[in-house]
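> Here's a structure for you.
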Amino acid sequence: MTEPAFLHATRVSYDAIAADYAERYAGVHDAQPLALAMLDAFAALVRTTGGGPVVEVGSGPGEVTARLHAQGLDVRGVDLSPAMVALARRDHPQLRFEEGSMTALDLGDGALRGLVSWYSLIHIAPEAVPAALTEFHRVLAPGGLLLLGFQVGDEPLSFTEAFGHAVDLDFHRLRPEKIEVLLREAGFTVQARMERAADPDESTPQAYLLARKAR
């Protein structure tokens, strides 16, 4: 099957900027206590339901995956970009990172207790978002948890250059209320929603949605 153009462009772009991106954003979440609170709450809820396998899709350099591991989760990362996967394996050798796409996860039905998409759904073409959420639903066990993090807005942000490299990257800002509707349509119930104002170095507000697959 032919790969969608947006996936190819995202992979090639992140391969080009992987090292610079990892250096620029190293430790960025340490200065975002509200974001960390959502990640930690997700981890706590997975633990209270007995734990089990968790995947972060779009894991990049692996910092979020590593934090979830430190919170006691059996977690691994999946990313489109081979260069990002290589960096994550280098910096977090105790963890497992694999190449893959959130649109077609190499996982069986109901294989996971939790799934995190932390600023990765924003690279999915809008028309493909419902299918991605359906894929998340497929791989989660009944009662499994899903955590999404994304930029809030309506207009996409497109880049043809980043860190001195030619890229073709689209950041699709999303509306929490619209994503909630899509989550319900995919078979999830929304458990929590947080929106925060943009930090000084951010151009948009940010949102986090925690949802559970219906039993």
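Residues in the structure tokens are named by chain (A, B, ... in the order shown) and by number from 1 within that chain; ligands are numbered from 1 in the order shown.
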Excluding Asp40 (chain A) and any residue of its chain fewer than 3 positions from it, enumerate the residues within 10 Å of it, using only C-alpha atoms, and give them as a short mmCIF file (atom, residue, chain, number, x, y, z; two decimals) with C-alpha atoms, in the first residue's frame.

data_model
loop_
_atom_site.label_atom_id
_atom_site.label_comp_id
_atom_site.auth_asym_id
_atom_site.auth_seq_id
_atom_site.Cartn_x
_atom_site.Cartn_y
_atom_site.Cartn_z
CA LEU A 34 1.07 21.08 34.06
CA ALA A 35 2.17 18.86 31.20
CA LEU A 36 4.16 16.71 33.62
CA ALA A 37 1.12 16.46 35.88
CA ALA A 43 1.03 6.72 34.68
CA ALA A 44 -0.71 6.53 38.05
CA LEU A 45 -4.00 5.51 36.45
CA VAL A 46 -2.34 2.78 34.39
CA ARG A 67 9.68 9.62 32.17
CA LEU A 68 6.83 7.13 31.91
CA ALA A 70 10.58 6.15 35.62
CA GLN A 71 6.97 6.28 36.82
#
> What's around Gly58 (chain A) at 9 Å? Count only C-alpha atoms, leave out sequence neighbours fewer than 5 positions away in its own chain, and write the answer as a list of chain:residue names.
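Selected residues are A:Gly77, A:Val78, A:Asp79, A:Leu80, A:Ser81, A:Gly100, A:Ser101, A:Met102, A:Val116, A:Ser117, A:Trp118, A:Tyr119, A:Ser120, A:Leu121.
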> So what do you get for CA of Pro156 (chain A) versus CA of Ile124 (chain A), distance-wise?
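CA of Ile124 (chain A) lies at a distance of 11.1 Å from CA of Pro156 (chain A).
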> Kindly give the distance, in Å, that separates CA of Leu183 (chain A) and CA of Leu145 (chain A), rounded to a single decimal.
11.9 Å
> Select, from A:Met194, A:Ala66, A:Leu209, A:Ala104, the residue with the minimum atom-to-atom distance to Val54 (chain A), counting only C-alpha atoms.
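Going through A:Met194, A:Ala66, A:Leu209, A:Ala104 one by one, the smallest distance to Val54 (chain A) is for A:Ala66.
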> Which one is closest to Val152 (chain A): A:Glu23, A:Glu195, A:Glu99, A:Glu180? Count only C-alpha atoms.
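Looking only at the distances to Val152 (chain A), the closest residue turns out to be A:Glu195.
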> So what do you get for CA of Val139 (chain A) versus CA of Pro61 (chain A), distance-wise?
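Computing it gives 23.1 Å between the two atoms.
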> In region 3-178 of chain A, what's strand (DSSP E) per DSSP? Answer as a short mmCIF file (atom, residue, chain, number, x, y, z; two decimals) with all heavy atoms, in the first residue's frame?

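Output saved as out_16.cif:
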data_model
loop_
_atom_site.label_atom_id
_atom_site.label_comp_id
_atom_site.auth_asym_id
_atom_site.auth_seq_id
_atom_site.Cartn_x
_atom_site.Cartn_y
_atom_site.Cartn_z
N PRO A 53 1.43 -3.37 29.20
CA PRO A 53 2.20 -2.69 28.15
C PRO A 53 1.63 -1.31 27.79
O PRO A 53 0.42 -1.14 27.66
CB PRO A 53 2.11 -3.64 26.96
CG PRO A 53 1.71 -4.96 27.53
CD PRO A 53 0.89 -4.65 28.72
N VAL A 54 2.55 -0.37 27.58
CA VAL A 54 2.21 0.99 27.17
C VAL A 54 3.12 1.36 26.01
O VAL A 54 4.30 0.98 25.99
CB VAL A 54 2.40 1.99 28.32
CG1 VAL A 54 2.18 3.44 27.85
CG2 VAL A 54 1.45 1.66 29.48
N VAL A 55 2.59 2.10 25.05
CA VAL A 55 3.38 2.59 23.93
C VAL A 55 3.22 4.10 23.81
O VAL A 55 2.10 4.62 23.94
CB VAL A 55 2.97 1.90 22.60
CG1 VAL A 55 3.48 2.69 21.39
CG2 VAL A 55 3.50 0.47 22.55
N GLU A 56 4.35 4.79 23.58
CA GLU A 56 4.29 6.19 23.17
C GLU A 56 4.50 6.23 21.67
O GLU A 56 5.55 5.80 21.18
CB GLU A 56 5.34 7.05 23.86
CG GLU A 56 5.17 8.51 23.47
CD GLU A 56 6.36 9.41 23.74
OE1 GLU A 56 7.39 8.93 24.26
OE2 GLU A 56 6.25 10.61 23.40
N VAL A 57 3.52 6.75 20.94
CA VAL A 57 3.65 6.87 19.49
C VAL A 57 4.17 8.27 19.17
O VAL A 57 3.70 9.26 19.71
CB VAL A 57 2.32 6.58 18.76
CG1 VAL A 57 1.89 5.14 18.96
CG2 VAL A 57 1.22 7.52 19.18
N ASP A 74 5.60 -0.19 32.04
CA ASP A 74 6.22 -1.07 31.05
C ASP A 74 5.97 -0.43 29.69
O ASP A 74 5.00 -0.73 29.00
CB ASP A 74 5.59 -2.46 31.14
CG ASP A 74 6.06 -3.41 30.04
OD1 ASP A 74 7.09 -3.11 29.40
OD2 ASP A 74 5.38 -4.43 29.81
N VAL A 75 6.86 0.47 29.30
CA VAL A 75 6.60 1.34 28.15
C VAL A 75 7.72 1.23 27.11
O VAL A 75 8.88 1.01 27.45
CB VAL A 75 6.44 2.82 28.61
CG1 VAL A 75 7.69 3.33 29.30
CG2 VAL A 75 6.04 3.73 27.47
N ARG A 76 7.33 1.39 25.86
CA ARG A 76 8.30 1.49 24.77
C ARG A 76 7.84 2.57 23.81
O ARG A 76 6.68 3.01 23.84
CB ARG A 76 8.46 0.16 24.03
CG ARG A 76 7.21 -0.42 23.44
CD ARG A 76 7.46 -1.85 23.01
NE ARG A 76 6.26 -2.59 22.70
CZ ARG A 76 5.82 -2.81 21.47
NH1 ARG A 76 6.48 -2.31 20.43
NH2 ARG A 76 4.72 -3.52 21.26
N GLY A 77 8.76 3.01 22.93
CA GLY A 77 8.46 4.09 22.00
C GLY A 77 8.42 3.62 20.57
O GLY A 77 9.12 2.68 20.18
N VAL A 78 7.59 4.28 19.79
CA VAL A 78 7.47 4.04 18.35
C VAL A 78 7.56 5.38 17.65
O VAL A 78 6.88 6.34 18.05
CB VAL A 78 6.14 3.35 18.00
CG1 VAL A 78 5.97 3.24 16.48
CG2 VAL A 78 6.06 1.97 18.64
N ASP A 79 8.38 5.47 16.61
CA ASP A 79 8.51 6.73 15.88
C ASP A 79 8.71 6.47 14.40
O ASP A 79 9.32 5.46 14.00
CB ASP A 79 9.70 7.54 16.42
CG ASP A 79 9.60 9.01 16.06
OD1 ASP A 79 10.05 9.38 14.96
OD2 ASP A 79 9.05 9.79 16.87
N PHE A 97 12.86 1.06 21.62
CA PHE A 97 12.32 2.00 20.64
C PHE A 97 12.31 1.33 19.27
O PHE A 97 13.28 0.64 18.90
CB PHE A 97 13.16 3.28 20.59
CG PHE A 97 13.09 4.08 21.85
CD1 PHE A 97 14.04 3.90 22.85
CD2 PHE A 97 12.07 5.00 22.06
CE1 PHE A 97 13.98 4.62 24.03
CE2 PHE A 97 12.01 5.74 23.24
CZ PHE A 97 12.96 5.53 24.23
N GLU A 98 11.23 1.55 18.51
CA GLU A 98 11.06 0.91 17.22
C GLU A 98 10.56 1.92 16.19
O GLU A 98 9.91 2.91 16.54
CB GLU A 98 10.03 -0.22 17.31
CG GLU A 98 10.35 -1.28 18.33
CD GLU A 98 9.18 -2.21 18.57
OE1 GLU A 98 8.03 -1.82 18.25
OE2 GLU A 98 9.40 -3.32 19.08
N GLU A 99 10.85 1.65 14.94
CA GLU A 99 10.26 2.43 13.85
C GLU A 99 8.83 1.96 13.61
O GLU A 99 8.54 0.77 13.69
CB GLU A 99 11.08 2.27 12.57
CG GLU A 99 12.48 2.84 12.65
CD GLU A 99 13.27 2.53 11.39
OE1 GLU A 99 12.67 2.53 10.30
OE2 GLU A 99 14.48 2.26 11.52
N LEU A 112 -2.52 -3.34 24.44
CA LEU A 112 -1.96 -2.33 25.34
C LEU A 112 -2.90 -1.95 26.47
O LEU A 112 -4.13 -1.97 26.31
CB LEU A 112 -1.63 -1.06 24.55
CG LEU A 112 -0.66 -1.18 23.38
CD1 LEU A 112 -0.50 0.18 22.70
CD2 LEU A 112 0.69 -1.72 23.83
N ARG A 113 -2.30 -1.55 27.59
CA ARG A 113 -3.06 -0.94 28.69
C ARG A 113 -3.05 0.58 28.59
O ARG A 113 -3.86 1.24 29.25
CB ARG A 113 -2.48 -1.36 30.03
CG ARG A 113 -2.61 -2.84 30.34
CD ARG A 113 -4.05 -3.31 30.31
NE ARG A 113 -4.90 -2.54 31.21
CZ ARG A 113 -6.23 -2.65 31.25
NH1 ARG A 113 -6.85 -3.48 30.43
NH2 ARG A 113 -6.94 -1.92 32.08
N GLY A 114 -2.12 1.12 27.82
CA GLY A 114 -2.06 2.56 27.69
C GLY A 114 -1.33 2.97 26.43
O GLY A 114 -0.48 2.23 25.92
N LEU A 115 -1.68 4.13 25.91
CA LEU A 115 -1.04 4.69 24.72
C LEU A 115 -0.96 6.20 24.88
O LEU A 115 -1.93 6.84 25.30
CB LEU A 115 -1.83 4.32 23.46
CG LEU A 115 -1.18 4.64 22.11
CD1 LEU A 115 -1.62 3.63 21.05
CD2 LEU A 115 -1.52 6.05 21.63
N VAL A 116 0.20 6.75 24.56
CA VAL A 116 0.43 8.19 24.64
C VAL A 116 0.81 8.71 23.26
O VAL A 116 1.69 8.15 22.59
CB VAL A 116 1.56 8.53 25.64
CG1 VAL A 116 1.88 10.03 25.61
CG2 VAL A 116 1.18 8.09 27.04
N SER A 117 0.13 9.76 22.83
CA SER A 117 0.48 10.49 21.61
C SER A 117 0.76 11.93 22.05
O SER A 117 -0.15 12.74 22.17
CB SER A 117 -0.66 10.44 20.59
OG SER A 117 -0.38 11.29 19.49
N TRP A 118 2.05 12.21 22.29
CA TRP A 118 2.46 13.48 22.88
C TRP A 118 3.02 14.38 21.79
O TRP A 118 4.14 14.24 21.37
CB TRP A 118 3.49 13.21 23.97
CG TRP A 118 3.67 14.28 24.98
CD1 TRP A 118 4.76 15.08 25.15
CD2 TRP A 118 2.73 14.68 25.98
NE1 TRP A 118 4.56 15.95 26.20
CE2 TRP A 118 3.31 15.72 26.73
CE3 TRP A 118 1.43 14.25 26.32
CZ2 TRP A 118 2.65 16.35 27.78
CZ3 TRP A 118 0.78 14.87 27.37
CH2 TRP A 118 1.39 15.90 28.10
N LEU A 140 -5.72 -0.86 22.08
CA LEU A 140 -5.93 -0.76 23.53
C LEU A 140 -6.88 -1.86 24.00
O LEU A 140 -7.88 -2.16 23.34
CB LEU A 140 -6.49 0.60 23.91
CG LEU A 140 -5.47 1.74 23.97
CD1 LEU A 140 -6.19 3.09 24.02
CD2 LEU A 140 -4.54 1.59 25.17
N ALA A 141 -6.58 -2.41 25.16
CA ALA A 141 -7.49 -3.36 25.79
C ALA A 141 -8.70 -2.60 26.34
O ALA A 141 -8.62 -1.38 26.57
CB ALA A 141 -6.77 -4.09 26.92
N PRO A 142 -9.81 -3.29 26.56
CA PRO A 142 -10.95 -2.63 27.20
C PRO A 142 -10.53 -1.98 28.52
O PRO A 142 -9.83 -2.59 29.34
CB PRO A 142 -11.92 -3.79 27.43
CG PRO A 142 -11.60 -4.75 26.34
CD PRO A 142 -10.11 -4.67 26.18
N GLY A 143 -10.91 -0.73 28.69
CA GLY A 143 -10.50 0.02 29.87
C GLY A 143 -9.15 0.69 29.75
O GLY A 143 -8.72 1.40 30.65
N GLY A 144 -8.45 0.45 28.61
CA GLY A 144 -7.14 1.05 28.41
C GLY A 144 -7.21 2.56 28.28
O GLY A 144 -8.23 3.13 27.89
N LEU A 145 -6.10 3.21 28.61
CA LEU A 145 -6.05 4.68 28.66
C LEU A 145 -5.28 5.27 27.50
O LEU A 145 -4.26 4.72 27.06
CB LEU A 145 -5.41 5.13 29.97
CG LEU A 145 -6.25 4.89 31.22
CD1 LEU A 145 -5.38 4.98 32.46
CD2 LEU A 145 -7.39 5.90 31.30
N LEU A 146 -5.76 6.41 27.03
CA LEU A 146 -5.13 7.16 25.95
C LEU A 146 -4.88 8.58 26.43
O LEU A 146 -5.78 9.23 26.97
CB LEU A 146 -6.05 7.20 24.73
CG LEU A 146 -5.65 8.13 23.58
CD1 LEU A 146 -4.36 7.68 22.94
CD2 LEU A 146 -6.77 8.21 22.55
N LEU A 147 -3.65 9.08 26.23
CA LEU A 147 -3.32 10.46 26.56
C LEU A 147 -2.82 11.17 25.31
O LEU A 147 -1.88 10.71 24.66
CB LEU A 147 -2.24 10.52 27.65
CG LEU A 147 -1.78 11.92 28.06
CD1 LEU A 147 -2.93 12.73 28.65
CD2 LEU A 147 -0.62 11.82 29.05
N LEU A 148 -3.45 12.30 25.00
CA LEU A 148 -3.07 13.12 23.86
C LEU A 148 -2.56 14.47 24.35
O LEU A 148 -3.14 15.07 25.26
CB LEU A 148 -4.28 13.38 22.95
CG LEU A 148 -5.05 12.17 22.42
CD1 LEU A 148 -6.26 12.66 21.61
CD2 LEU A 148 -4.17 11.28 21.57
N GLY A 149 -1.49 14.97 23.72
CA GLY A 149 -1.03 16.33 23.95
C GLY A 149 -0.90 17.02 22.60
O GLY A 149 -0.41 16.42 21.64
N PHE A 150 -1.37 18.28 22.52
CA PHE A 150 -1.34 18.96 21.22
C PHE A 150 -1.46 20.47 21.39
O PHE A 150 -1.84 20.98 22.45
CB PHE A 150 -2.46 18.44 20.31
CG PHE A 150 -3.85 18.46 20.92
CD1 PHE A 150 -4.67 19.56 20.79
CD2 PHE A 150 -4.33 17.36 21.61
CE1 PHE A 150 -5.95 19.58 21.32
CE2 PHE A 150 -5.60 17.35 22.16
CZ PHE A 150 -6.42 18.46 22.02
N GLN A 151 -1.14 21.17 20.32
CA GLN A 151 -1.29 22.62 20.26
C GLN A 151 -2.73 22.97 19.90
O GLN A 151 -3.35 22.29 19.07
CB GLN A 151 -0.34 23.20 19.22
CG GLN A 151 1.12 22.91 19.49
CD GLN A 151 1.99 23.10 18.26
OE1 GLN A 151 1.51 22.98 17.13
NE2 GLN A 151 3.26 23.35 18.46
N LEU A 157 0.55 25.23 10.95
CA LEU A 157 1.83 25.92 10.84
C LEU A 157 2.73 25.03 9.99
O LEU A 157 2.92 23.85 10.28
CB LEU A 157 2.45 26.12 12.23
CG LEU A 157 3.73 26.94 12.32
CD1 LEU A 157 3.47 28.37 11.90
CD2 LEU A 157 4.26 26.89 13.76
N SER A 158 3.28 25.61 8.93
CA SER A 158 4.09 24.84 7.98
C SER A 158 5.51 25.38 7.94
O SER A 158 5.72 26.59 7.97
CB SER A 158 3.48 24.88 6.58
OG SER A 158 2.18 24.30 6.59
N PHE A 159 6.47 24.46 7.86
CA PHE A 159 7.88 24.83 7.80
C PHE A 159 8.53 24.20 6.58
O PHE A 159 8.31 23.02 6.28
CB PHE A 159 8.63 24.36 9.04
CG PHE A 159 8.28 25.09 10.30
CD1 PHE A 159 7.29 24.61 11.13
CD2 PHE A 159 8.93 26.26 10.64
CE1 PHE A 159 6.96 25.28 12.30
CE2 PHE A 159 8.62 26.94 11.81
CZ PHE A 159 7.63 26.45 12.64
N THR A 160 9.35 25.00 5.89
CA THR A 160 10.18 24.46 4.81
C THR A 160 11.66 24.48 5.19
O THR A 160 12.49 23.98 4.44
CB THR A 160 9.98 25.29 3.52
OG1 THR A 160 10.29 26.66 3.79
CG2 THR A 160 8.54 25.18 3.01
N GLU A 161 11.95 25.05 6.36
CA GLU A 161 13.34 25.08 6.87
C GLU A 161 13.29 24.99 8.39
O GLU A 161 12.43 25.59 9.04
CB GLU A 161 14.03 26.36 6.44
CG GLU A 161 15.51 26.42 6.82
CD GLU A 161 15.76 26.94 8.23
OE1 GLU A 161 14.88 27.63 8.79
OE2 GLU A 161 16.83 26.63 8.79
N ALA A 162 14.21 24.22 8.95
CA ALA A 162 14.34 24.13 10.41
C ALA A 162 15.76 23.74 10.76
O ALA A 162 16.32 22.81 10.16
CB ALA A 162 13.36 23.11 10.97
N HIS A 165 18.09 23.11 7.93
CA HIS A 165 17.82 22.01 7.02
C HIS A 165 16.51 22.26 6.27
O HIS A 165 15.56 22.84 6.82
CB HIS A 165 17.69 20.68 7.78
CG HIS A 165 18.90 20.31 8.57
ND1 HIS A 165 20.00 19.68 8.01
CD2 HIS A 165 19.19 20.48 9.88
CE1 HIS A 165 20.91 19.47 8.93
NE2 HIS A 165 20.45 19.95 10.08
N ALA A 166 16.46 21.80 5.03
CA ALA A 166 15.20 21.84 4.27
C ALA A 166 14.27 20.77 4.82
O ALA A 166 14.66 19.62 5.00
CB ALA A 166 15.47 21.60 2.80
N VAL A 167 13.02 21.17 5.12
CA VAL A 167 12.03 20.24 5.64
C VAL A 167 10.70 20.50 4.97
O VAL A 167 10.49 21.50 4.28
CB VAL A 167 11.87 20.37 7.18
CG1 VAL A 167 13.17 20.04 7.89
CG2 VAL A 167 11.39 21.77 7.57
N ASP A 168 9.77 19.60 5.22
CA ASP A 168 8.39 19.75 4.77
C ASP A 168 7.51 19.27 5.91
O ASP A 168 7.04 18.14 5.93
CB ASP A 168 8.16 18.91 3.51
CG ASP A 168 6.74 19.04 2.96
OD1 ASP A 168 5.99 19.90 3.46
OD2 ASP A 168 6.37 18.26 2.06
N LEU A 169 7.33 20.16 6.91
CA LEU A 169 6.65 19.79 8.14
C LEU A 169 5.41 20.63 8.35
O LEU A 169 5.46 21.87 8.29
CB LEU A 169 7.58 19.98 9.34
CG LEU A 169 8.50 18.83 9.74
CD1 LEU A 169 9.37 19.25 10.91
CD2 LEU A 169 7.71 17.58 10.08
N ASP A 170 4.30 19.96 8.62
CA ASP A 170 3.05 20.64 8.97
C ASP A 170 2.69 20.31 10.41
O ASP A 170 2.74 19.14 10.83
CB ASP A 170 1.91 20.18 8.06
CG ASP A 170 2.07 20.67 6.63
OD1 ASP A 170 2.61 21.78 6.44
OD2 ASP A 170 1.65 19.95 5.71
N PHE A 171 2.35 21.35 11.17
CA PHE A 171 1.87 21.19 12.54
C PHE A 171 0.39 21.57 12.53
O PHE A 171 0.05 22.75 12.39
CB PHE A 171 2.64 22.10 13.50
CG PHE A 171 4.08 21.72 13.67
CD1 PHE A 171 5.02 21.99 12.68
CD2 PHE A 171 4.51 21.08 14.82
CE1 PHE A 171 6.35 21.64 12.84
CE2 PHE A 171 5.85 20.73 14.99
CZ PHE A 171 6.77 21.01 13.99
#
> Apply DSSP to the structure's backbone, then extract all residues of region 17-195 of chain A labelled helix (DSSP H, G or I) and return them as a count of residues only.
74
> When you count only C-alpha atoms, which of these residues is closest to His172 (chain A): A:Ala128, A:Phe136, A:Glu185, A:His123?
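Smallest separation from His172 (chain A) among the options: A:His123.
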> My list of candidates is A:Gly27, A:Arg90, A:Arg184, A:Gly52. Which is closest to Val64 (chain A) when distances are computed with only C-alpha atoms?
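Checking each candidate against Val64 (chain A), we get A:Gly27 as the closest.
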> Taking into account only C-alpha atoms, which residue in the set A:Ala19, A:Thr103, A:Gly62, A:Ala197 is nearest to Glu3 (chain A)?
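Nearest to Glu3 (chain A): A:Thr103.
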